[in-house]
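Student: Below is input37.cif; it holds mmCIF, C-alpha atoms.
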```cif
data_run
loop_
_atom_site.label_atom_id
_atom_site.label_comp_id
_atom_site.auth_asym_id
_atom_site.auth_seq_id
_atom_site.Cartn_x
_atom_site.Cartn_y
_atom_site.Cartn_z
CA MET P 357 -8.56 -49.15 -62.47
CA SER P 358 -8.68 -45.50 -63.49
CA LEU P 359 -8.83 -42.05 -62.01
CA ASN P 360 -12.51 -42.73 -61.44
CA SER P 361 -11.90 -45.20 -58.61
CA SER P 362 -11.51 -43.59 -55.18
CA GLN P 363 -8.81 -46.11 -54.28
CA PHE P 364 -6.69 -45.15 -57.29
CA LYS P 365 -7.29 -41.44 -56.68
CA ALA P 366 -6.02 -41.89 -53.10
CA TYR P 367 -3.00 -43.84 -54.40
CA ILE P 368 -2.17 -41.15 -56.96
CA ALA P 369 -2.62 -38.41 -54.32
CA GLY P 370 -0.03 -40.23 -52.20
CA PHE P 371 2.28 -40.59 -55.20
CA LEU P 372 1.89 -36.88 -55.97
CA ASP P 373 2.59 -35.89 -52.35
CA GLY P 374 5.63 -38.14 -52.19
CA ASP P 375 7.27 -37.66 -55.53
CA GLY P 376 5.17 -35.36 -57.67
CA SER P 377 5.40 -31.72 -58.50
CA ILE P 378 2.76 -29.08 -59.25
CA TYR P 379 4.11 -25.90 -60.76
CA VAL P 380 3.52 -23.10 -63.22
CA ARG P 381 6.31 -21.63 -65.31
CA ALA P 382 6.10 -18.18 -66.86
CA LYS P 383 8.64 -18.38 -69.67
CA LEU P 384 9.85 -15.25 -71.45
CA ASN P 385 8.58 -15.56 -75.02
CA SER P 386 8.08 -12.53 -77.23
CA SER P 387 5.72 -14.38 -79.56
CA TYR P 388 3.08 -14.35 -76.80
CA LYS P 389 0.82 -11.31 -76.42
CA TYR P 390 2.07 -10.29 -72.95
CA GLY P 391 5.66 -11.49 -73.41
CA TYR P 392 5.36 -14.73 -71.45
CA GLN P 393 4.25 -18.26 -72.11
CA VAL P 394 2.39 -19.52 -69.01
CA ALA P 395 2.93 -23.28 -68.63
CA PRO P 396 1.16 -25.11 -65.78
CA THR P 397 2.37 -28.66 -65.15
CA VAL P 398 1.77 -31.68 -62.95
CA ALA P 399 4.79 -33.97 -63.05
CA PHE P 400 6.05 -37.27 -61.66
CA PHE P 401 9.60 -38.58 -61.91
CA GLN P 402 11.00 -42.08 -61.53
CA SER P 403 14.20 -43.88 -62.39
CA SER P 404 14.04 -45.66 -65.75
CA SER P 405 14.91 -48.83 -63.81
CA CYS P 406 11.33 -48.78 -62.52
CA GLU P 407 9.77 -51.06 -65.15
CA SER P 408 6.18 -50.70 -63.95
CA PHE P 409 6.14 -46.91 -64.13
CA PRO P 410 4.91 -46.66 -67.77
CA THR P 411 2.01 -49.02 -66.93
CA LEU P 412 1.11 -46.87 -63.94
CA CYS P 413 1.17 -43.70 -66.06
CA LYS P 414 -1.13 -45.28 -68.64
CA LYS P 415 -3.70 -45.94 -65.91
CA ILE P 416 -4.00 -42.20 -65.36
CA GLY P 417 -5.45 -41.98 -68.86
CA TYR P 418 -3.70 -38.83 -70.10
CA GLY P 419 -0.38 -37.04 -69.80
CA ARG P 420 2.92 -37.68 -71.56
CA LEU P 421 5.76 -39.97 -70.55
CA ARG P 422 9.27 -39.40 -71.79
CA LEU P 423 12.60 -40.98 -70.94
CA ARG P 424 15.16 -38.25 -70.35
CA LYS P 425 18.78 -38.63 -71.37
CA ASP P 426 19.78 -38.83 -67.69
CA GLY P 427 17.79 -42.08 -67.27
CA ILE P 428 14.83 -40.50 -65.51
CA TYR P 429 11.22 -41.07 -66.58
CA GLU P 430 9.33 -37.80 -66.62
CA PHE P 431 5.55 -38.02 -66.73
CA THR P 432 3.83 -34.67 -67.26
CA ILE P 433 0.26 -33.46 -67.51
CA SER P 434 0.32 -30.07 -69.18
CA LYS P 435 -2.96 -29.71 -71.07
CA GLN P 436 -5.14 -27.35 -69.08
CA ASP P 437 -8.35 -29.38 -69.17
CA GLU P 438 -6.44 -32.49 -68.12
CA ILE P 439 -4.78 -30.67 -65.21
CA ILE P 440 -8.20 -29.44 -64.07
CA ASP P 441 -9.64 -32.97 -64.31
CA PHE P 442 -6.63 -34.51 -62.54
CA ILE P 443 -6.46 -32.00 -59.68
CA THR P 444 -10.22 -31.99 -59.16
CA LYS P 445 -10.27 -35.78 -58.84
CA VAL P 446 -7.12 -36.21 -56.75
CA SER P 447 -7.16 -33.16 -54.44
CA PRO P 448 -9.73 -34.53 -51.94
CA TYR P 449 -7.10 -37.16 -51.07
CA ILE P 450 -4.03 -34.89 -50.99
CA GLU P 451 -2.42 -34.48 -47.57
CA LEU P 452 0.66 -32.34 -48.29
CA LYS P 453 0.28 -30.38 -51.53
CA GLN P 454 -3.21 -28.92 -50.95
CA GLN P 455 -1.97 -25.34 -51.38
CA GLN P 456 -0.33 -26.10 -54.71
CA ALA P 457 -3.44 -27.97 -55.89
CA LYS P 458 -5.71 -25.01 -55.07
CA LEU P 459 -3.32 -22.49 -56.55
CA ILE P 460 -2.88 -24.23 -59.90
CA LEU P 461 -6.68 -24.32 -60.33
CA GLU P 462 -6.88 -20.62 -59.42
CA ILE P 463 -4.11 -19.76 -61.90
CA LEU P 464 -5.78 -21.75 -64.69
CA LYS P 465 -9.01 -19.83 -64.02
CA LEU P 466 -7.18 -16.46 -63.98
CA LYS P 467 -5.39 -17.39 -67.20
CA LYS P 468 -8.67 -18.06 -68.99
CA GLU P 469 -10.05 -14.73 -67.81
CA VAL P 470 -7.10 -12.52 -68.87
CA GLN P 471 -8.40 -9.63 -70.97
CA ASN P 472 -5.68 -7.00 -70.60
CA GLU P 473 -2.15 -6.36 -69.35
CA GLN P 474 -3.40 -5.58 -65.83
CA ASP P 475 -5.08 -9.01 -65.63
CA PHE P 476 -1.87 -10.59 -66.91
CA LYS P 477 0.19 -8.83 -64.21
CA GLN P 478 -2.17 -10.25 -61.61
CA LEU P 479 -1.69 -13.70 -63.12
CA LEU P 480 2.11 -13.33 -62.94
CA ASN P 481 1.81 -12.29 -59.29
CA ARG P 482 -0.11 -15.45 -58.47
CA ILE P 483 2.50 -17.49 -60.34
CA ASP P 484 5.15 -15.92 -58.11
CA THR P 485 3.18 -17.09 -55.05
CA PHE P 486 3.42 -20.56 -56.54
CA ARG P 487 7.15 -20.31 -56.89
CA ASP P 488 7.37 -19.31 -53.22
CA LEU P 489 5.34 -22.39 -52.24
CA ASN P 490 7.74 -24.67 -54.08
CA TYR P 491 10.82 -22.79 -52.81
CA SER P 492 12.31 -22.22 -56.22
CA LYS P 493 14.17 -19.17 -57.50
CA LYS P 494 12.38 -15.95 -58.38
CA ARG P 495 11.68 -15.27 -62.02
CA LYS P 496 13.30 -12.23 -63.56
CA ARG P 497 10.45 -9.75 -63.95
CA ARG P 498 9.94 -7.84 -67.16
CA MET P 499 6.79 -5.96 -66.26
CA MET V 1031 -7.72 -41.78 -40.44
CA SER V 1032 -5.20 -44.54 -39.79
CA LEU V 1033 -3.54 -47.44 -41.52
CA ASN V 1034 -6.80 -49.31 -40.97
CA SER V 1035 -8.70 -47.31 -43.60
CA SER V 1036 -8.36 -48.64 -47.14
CA GLN V 1037 -8.25 -45.08 -48.49
CA PHE V 1038 -5.27 -44.18 -46.29
CA LYS V 1039 -3.54 -47.47 -47.10
CA ALA V 1040 -3.90 -46.69 -50.83
CA TYR V 1041 -2.59 -43.15 -50.22
CA ILE V 1042 0.44 -44.43 -48.28
CA ALA V 1043 1.11 -47.08 -50.96
CA GLY V 1044 1.24 -44.26 -53.50
CA PHE V 1045 3.51 -42.22 -51.25
CA LEU V 1046 5.79 -45.23 -50.79
CA ASP V 1047 5.92 -45.93 -54.54
CA GLY V 1048 6.65 -42.29 -55.32
CA ASP V 1049 9.06 -41.27 -52.62
CA GLY V 1050 9.60 -44.15 -50.25
CA SER V 1051 12.29 -46.73 -49.88
CA ILE V 1052 12.24 -50.34 -48.71
CA TYR V 1053 15.65 -51.78 -47.99
CA VAL V 1054 17.70 -54.06 -45.76
CA ARG V 1055 21.21 -53.20 -44.71
CA ALA V 1056 23.69 -55.83 -43.54
CA LYS V 1057 26.18 -53.79 -41.53
CA LEU V 1058 29.51 -55.26 -40.50
CA ASN V 1059 29.40 -55.46 -36.70
CA SER V 1060 31.58 -57.87 -34.76
CA SER V 1061 29.35 -57.72 -31.69
CA TYR V 1062 26.70 -59.70 -33.60
CA LYS V 1063 26.86 -63.49 -33.65
CA TYR V 1064 27.44 -63.82 -37.41
CA GLY V 1065 29.41 -60.58 -37.86
CA TYR V 1066 26.60 -58.48 -39.31
CA GLN V 1067 23.75 -56.42 -37.99
CA VAL V 1068 20.75 -56.93 -40.29
CA ALA V 1069 18.66 -53.75 -40.41
CA PRO V 1070 15.44 -53.75 -42.44
CA THR V 1071 13.89 -50.32 -43.01
CA VAL V 1072 10.93 -48.61 -44.64
CA ALA V 1073 11.70 -44.91 -45.14
CA PHE V 1074 10.13 -41.73 -46.47
CA PHE V 1075 11.92 -38.46 -47.09
CA GLN V 1076 10.61 -34.92 -47.48
CA SER V 1077 12.04 -31.43 -47.35
CA SER V 1078 11.72 -29.82 -43.92
CA SER V 1079 9.81 -27.03 -45.68
CA CYS V 1080 6.91 -29.47 -45.92
CA GLU V 1081 5.07 -28.43 -42.76
CA SER V 1082 2.36 -31.10 -42.94
CA PHE V 1083 4.77 -34.02 -43.15
CA PRO V 1084 5.05 -34.63 -39.36
CA THR V 1085 1.23 -34.73 -39.12
CA LEU V 1086 1.11 -37.26 -41.94
CA CYS V 1087 3.75 -39.44 -40.25
CA LYS V 1088 1.79 -39.41 -36.98
CA LYS V 1089 -1.22 -40.82 -38.81
CA ILE V 1090 0.78 -43.93 -39.64
CA GLY V 1091 0.83 -44.69 -35.92
CA TYR V 1092 4.44 -45.84 -35.54
CA GLY V 1093 7.89 -45.15 -36.93
CA ARG V 1094 10.35 -42.40 -36.10
CA LEU V 1095 10.68 -38.94 -37.64
CA ARG V 1096 13.92 -37.04 -37.49
CA LEU V 1097 15.08 -33.80 -39.04
CA ARG V 1098 18.49 -34.32 -40.59
CA LYS V 1099 21.16 -31.63 -40.60
CA ASP V 1100 20.73 -31.23 -44.37
CA GLY V 1101 17.13 -30.05 -43.88
CA ILE V 1102 15.50 -33.31 -44.90
CA TYR V 1103 12.83 -35.04 -42.83
CA GLU V 1104 13.55 -38.74 -42.58
CA PHE V 1105 10.70 -40.97 -41.42
CA THR V 1106 11.72 -44.57 -40.77
CA ILE V 1107 9.98 -47.73 -39.68
CA SER V 1108 12.63 -50.15 -38.45
CA LYS V 1109 11.01 -52.30 -35.77
CA GLN V 1110 10.36 -55.69 -37.32
CA ASP V 1111 6.79 -56.15 -36.12
CA GLU V 1112 5.91 -52.66 -37.33
CA ILE V 1113 7.45 -53.31 -40.76
CA ILE V 1114 5.44 -56.52 -41.04
CA ASP V 1115 2.24 -54.70 -40.04
CA PHE V 1116 2.96 -51.80 -42.40
CA ILE V 1117 3.86 -53.89 -45.45
CA THR V 1118 1.00 -56.34 -44.90
CA LYS V 1119 -1.52 -53.48 -44.80
CA VAL V 1120 -0.08 -51.38 -47.62
CA SER V 1121 1.16 -53.97 -50.12
CA PRO V 1122 -2.25 -54.79 -51.67
CA TYR V 1123 -2.25 -51.20 -52.95
CA ILE V 1124 1.39 -51.01 -54.11
CA GLU V 1125 1.86 -50.66 -57.89
CA LEU V 1126 5.64 -50.28 -58.27
CA LYS V 1127 7.49 -51.69 -55.25
CA GLN V 1128 5.73 -55.07 -55.00
CA GLN V 1129 9.00 -57.01 -55.31
CA GLN V 1130 10.64 -55.05 -52.51
CA ALA V 1131 7.54 -55.46 -50.32
CA LYS V 1132 7.53 -59.25 -50.78
CA LEU V 1133 11.28 -59.52 -50.30
CA ILE V 1134 11.42 -57.59 -47.04
CA LEU V 1135 8.75 -59.87 -45.57
CA GLU V 1136 10.68 -62.92 -46.77
CA ILE V 1137 13.92 -61.58 -45.26
CA LEU V 1138 12.23 -60.83 -41.92
CA LYS V 1139 10.93 -64.42 -41.87
CA LEU V 1140 14.37 -65.85 -42.78
CA LYS V 1141 15.96 -63.67 -40.08
CA LYS V 1142 13.68 -65.07 -37.40
CA GLU V 1143 14.46 -68.62 -38.50
CA VAL V 1144 18.29 -68.33 -38.54
CA GLN V 1145 19.77 -71.16 -36.49
CA ASN V 1146 23.29 -71.50 -37.87
CA GLU V 1147 25.90 -69.88 -40.11
CA GLN V 1148 24.49 -71.61 -43.20
CA ASP V 1149 21.07 -70.06 -42.57
CA PHE V 1150 22.73 -66.71 -42.07
CA LYS V 1151 24.58 -67.01 -45.40
CA GLN V 1152 21.25 -67.68 -47.08
CA LEU V 1153 19.85 -64.56 -45.40
CA LEU V 1154 22.77 -62.48 -46.67
CA ASN V 1155 22.18 -63.81 -50.19
CA ARG V 1156 18.57 -62.70 -50.10
CA ILE V 1157 19.69 -59.28 -48.82
CA ASP V 1158 21.98 -59.04 -51.85
CA THR V 1159 18.96 -59.68 -54.09
CA PHE V 1160 17.37 -56.72 -52.38
CA ARG V 1161 20.31 -54.52 -53.12
CA ASP V 1162 20.08 -55.52 -56.77
CA LEU V 1163 16.39 -54.53 -56.82
CA ASN V 1164 17.20 -51.08 -55.50
CA TYR V 1165 20.26 -50.70 -57.75
CA SER V 1166 22.65 -49.85 -54.96
CA LYS V 1167 26.27 -50.88 -54.57
CA LYS V 1168 27.25 -54.39 -53.60
CA ARG V 1169 28.20 -55.04 -50.00
CA LYS V 1170 31.72 -56.21 -49.31
CA ARG V 1171 31.32 -59.87 -48.44
CA ARG V 1172 33.05 -61.36 -45.42
CA MET V 1173 31.72 -64.90 -45.64
#
```
Could you spell out this file's structure in structure tokens?
Tutor:
Amino acid sequence: MSLNSSQFKAYIAGFLDGDGSIYVRAKLNSSYKYGYQVAPTVAFFQSSSCESFPTLCKKIGYGRLRLRKDGIYEFTISKQDEIIDFITKVSPYIELKQQQAKLILEILKLKKEVQNEQDFKQLLNRIDTFRDLNYSKKRKRRM
Amino acid sequence: MSLNSSQFKAYIAGFLDGDGSIYVRAKLNSSYKYGYQVAPTVAFFQSSSCESFPTLCKKIGYGRLRLRKDGIYEFTISKQDEIIDFITKVSPYIELKQQQAKLILEILKLKKEVQNEQDFKQLLNRIDTFRDLNYSKKRKRRM
């Protein structure tokens, strides 16, 4: 079983809709050209008491699993090509997080195309739309 | 799409593994023959900001959706025949909650077969196993 079987893609789409999270963080970081590190992520969380979770994560074929100090497994896909592969395969089966799935692909495309500060501002604006979708707090704007 | 399509069953299995809960409560209730009401439940929870969740729940074909005062949608399947139908259809696709799926079916069978207090004690013991699986607190025993 892998992300190439339609049954597993449908399963993972359900898992993502139920428990998963799709988000992009723009972190203040002066070592980056435009002052922000842009970090897109797909994440799943489970209690560390769930013994089968690592096996499930391995079936996805990429991503990183870590056990947090609070006893929660955090599985994240953060490499851009892997996010694109994951979302492209799973999104036909998504029922709830379609908007987030479309938006993260759009942001990854915009990010690749950034050539100047104006492009980067546009990227940050789209990231703000994302934050609205997920109902999180607004980022403090620097530009 | 309904719980008769294998794709939707796989999706719902993923949703259940990610976000769902399978449990049986034995509630102290003196109006019941053996002093407890036994309430098996399959439940999903989502934020009320998730506008597509009611549509998704309708596709399952049974169960009850309510909006709690804390802004959380709670979708529950609690009728025994519906739980049996749901678990039977979805369990071949479950990756994480297989033990809970098997146990709730076993408990529903035991519940139907209760003929005396000894049988009921056995039922309560199996319900305790369930509580161990889900890592919740122990019930105060009366018998």
Student: Please identify all polymer residues within 12 Å of region 458-466 of chain P, counting only C-alpha atoms, omitting same-chain residues fewer than 2 positions from it, and present them as a ChimeraX atom specification.
Tutor: /P:377-382,394-398,434-444,446-448,450,452-456,468-472,474-490
Student: Taking the file as I've supplied it (selection: the PyMOL selection byres ((chain P) within 6 of (chain V))), which residues are included? Please answer as a PyMOL selection string.
Tutor: chain P and resi 363+366-368+370-371+374-375+408+452
Student: Could you take the residues named above and write them with C-alpha atoms, as a PDB file, keeping the file's coordinate frame?
Tutor:
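Writing the result to out-v2.pdb gives the following:
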```pdb
ATOM      1  CA  GLN P 363      -8.810 -46.110 -54.280  1.00  0.00           C
ATOM      2  CA  ALA P 366      -6.020 -41.890 -53.100  1.00  0.00           C
ATOM      3  CA  TYR P 367      -3.000 -43.840 -54.400  1.00  0.00           C
ATOM      4  CA  ILE P 368      -2.170 -41.150 -56.960  1.00  0.00           C
ATOM      5  CA  GLY P 370      -0.030 -40.230 -52.200  1.00  0.00           C
ATOM      6  CA  PHE P 371       2.280 -40.590 -55.200  1.00  0.00           C
ATOM      7  CA  GLY P 374       5.630 -38.140 -52.190  1.00  0.00           C
ATOM      8  CA  ASP P 375       7.270 -37.660 -55.530  1.00  0.00           C
ATOM      9  CA  SER P 408       6.180 -50.700 -63.950  1.00  0.00           C
ATOM     10  CA  LEU P 452       0.660 -32.340 -48.290  1.00  0.00           C
TER      11      LEU P 452
END
```
Student: Please report the interatomic distance between CA of Ala1073 (chain V) and CA of Tyr1103 (chain V) in Å with one decimal.
Tutor: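 Rounded to one decimal, the two atoms are 10.2 Å apart.
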Student: What is the distance, in Å and to one decimal place, between CA of Ile428 (chain P) and CA of Leu1097 (chain V)?
Tutor: 27.3 Å
Student: Output region 405-431 of chain P as an mmCIF file, in the frame of the given file, making sure N, CA and C atoms are there.
Tutor:
```cif
data_model
loop_
_atom_site.group_PDB
_atom_site.id
_atom_site.type_symbol
_atom_site.label_atom_id
_atom_site.label_comp_id
_atom_site.auth_asym_id
_atom_site.auth_seq_id
_atom_site.Cartn_x
_atom_site.Cartn_y
_atom_site.Cartn_z
ATOM 1 N N SER P 405 14.820 -47.431 -64.249
ATOM 2 C CA SER P 405 14.910 -48.830 -63.810
ATOM 3 C C SER P 405 13.578 -49.326 -63.257
ATOM 4 N N CYS P 406 12.650 -48.399 -63.048
ATOM 5 C CA CYS P 406 11.330 -48.780 -62.520
ATOM 6 C C CYS P 406 10.435 -49.213 -63.684
ATOM 7 N N GLU P 407 10.421 -50.537 -63.929
ATOM 8 C CA GLU P 407 9.770 -51.060 -65.150
ATOM 9 C C GLU P 407 8.254 -50.886 -65.167
ATOM 10 N N SER P 408 7.650 -50.790 -63.991
ATOM 11 C CA SER P 408 6.180 -50.700 -63.950
ATOM 12 C C SER P 408 5.674 -49.269 -64.084
ATOM 13 N N PHE P 409 6.583 -48.306 -64.115
ATOM 14 C CA PHE P 409 6.140 -46.910 -64.130
ATOM 15 C C PHE P 409 5.318 -46.554 -65.377
ATOM 16 N N PRO P 410 5.731 -46.972 -66.589
ATOM 17 C CA PRO P 410 4.910 -46.660 -67.770
ATOM 18 C C PRO P 410 3.477 -47.209 -67.653
ATOM 19 N N THR P 411 3.340 -48.422 -67.111
ATOM 20 C CA THR P 411 2.010 -49.020 -66.930
ATOM 21 C C THR P 411 1.164 -48.170 -65.978
ATOM 22 N N LEU P 412 1.810 -47.723 -64.895
ATOM 23 C CA LEU P 412 1.110 -46.870 -63.940
ATOM 24 C C LEU P 412 0.636 -45.577 -64.608
ATOM 25 N N CYS P 413 1.520 -44.966 -65.395
ATOM 26 C CA CYS P 413 1.170 -43.700 -66.060
ATOM 27 C C CYS P 413 -0.020 -43.888 -67.010
ATOM 28 N N LYS P 414 -0.021 -45.025 -67.707
ATOM 29 C CA LYS P 414 -1.130 -45.280 -68.640
ATOM 30 C C LYS P 414 -2.469 -45.330 -67.914
ATOM 31 N N LYS P 415 -2.460 -45.839 -66.680
ATOM 32 C CA LYS P 415 -3.700 -45.940 -65.910
ATOM 33 C C LYS P 415 -4.316 -44.575 -65.621
ATOM 34 N N ILE P 416 -3.475 -43.545 -65.623
ATOM 35 C CA ILE P 416 -4.000 -42.200 -65.360
ATOM 36 C C ILE P 416 -4.875 -41.742 -66.519
ATOM 37 N N GLY P 417 -4.544 -42.205 -67.730
ATOM 38 C CA GLY P 417 -5.450 -41.980 -68.860
ATOM 39 C C GLY P 417 -5.104 -40.785 -69.731
ATOM 40 N N TYR P 418 -4.202 -39.926 -69.255
ATOM 41 C CA TYR P 418 -3.700 -38.830 -70.100
ATOM 42 C C TYR P 418 -2.302 -38.471 -69.616
ATOM 43 N N GLY P 419 -1.737 -37.416 -70.175
ATOM 44 C CA GLY P 419 -0.380 -37.040 -69.800
ATOM 45 C C GLY P 419 0.618 -37.660 -70.763
ATOM 46 N N ARG P 420 1.887 -37.270 -70.602
ATOM 47 C CA ARG P 420 2.920 -37.680 -71.560
ATOM 48 C C ARG P 420 4.129 -38.207 -70.789
ATOM 49 N N LEU P 421 4.593 -39.384 -71.200
ATOM 50 C CA LEU P 421 5.760 -39.970 -70.550
ATOM 51 C C LEU P 421 6.950 -39.860 -71.480
ATOM 52 N N ARG P 422 8.064 -39.354 -70.968
ATOM 53 C CA ARG P 422 9.270 -39.400 -71.790
ATOM 54 C C ARG P 422 10.441 -39.879 -70.949
ATOM 55 N N LEU P 423 11.394 -40.497 -71.622
ATOM 56 C CA LEU P 423 12.600 -40.980 -70.940
ATOM 57 C C LEU P 423 13.691 -39.962 -71.224
ATOM 58 N N ARG P 424 14.129 -39.278 -70.160
ATOM 59 C CA ARG P 424 15.160 -38.250 -70.350
ATOM 60 C C ARG P 424 16.533 -38.900 -70.559
ATOM 61 N N LYS P 425 17.442 -38.104 -71.092
ATOM 62 C CA LYS P 425 18.780 -38.630 -71.370
ATOM 63 C C LYS P 425 19.517 -39.057 -70.093
ATOM 64 N N ASP P 426 19.114 -38.476 -68.949
ATOM 65 C CA ASP P 426 19.780 -38.830 -67.690
ATOM 66 C C ASP P 426 19.193 -40.084 -67.042
ATOM 67 N N GLY P 427 18.324 -40.818 -67.801
ATOM 68 C CA GLY P 427 17.790 -42.080 -67.270
ATOM 69 C C GLY P 427 16.610 -41.903 -66.334
ATOM 70 N N ILE P 428 15.999 -40.745 -66.359
ATOM 71 C CA ILE P 428 14.830 -40.500 -65.510
ATOM 72 C C ILE P 428 13.570 -40.441 -66.380
ATOM 73 N N TYR P 429 12.542 -41.196 -65.952
ATOM 74 C CA TYR P 429 11.220 -41.070 -66.580
ATOM 75 C C TYR P 429 10.581 -39.785 -66.073
ATOM 76 N N GLU P 430 10.038 -39.025 -66.997
ATOM 77 C CA GLU P 430 9.330 -37.800 -66.620
ATOM 78 C C GLU P 430 7.925 -37.903 -67.185
ATOM 79 N N PHE P 431 6.949 -37.949 -66.312
ATOM 80 C CA PHE P 431 5.550 -38.020 -66.730
ATOM 81 C C PHE P 431 4.921 -36.660 -66.442
#
```
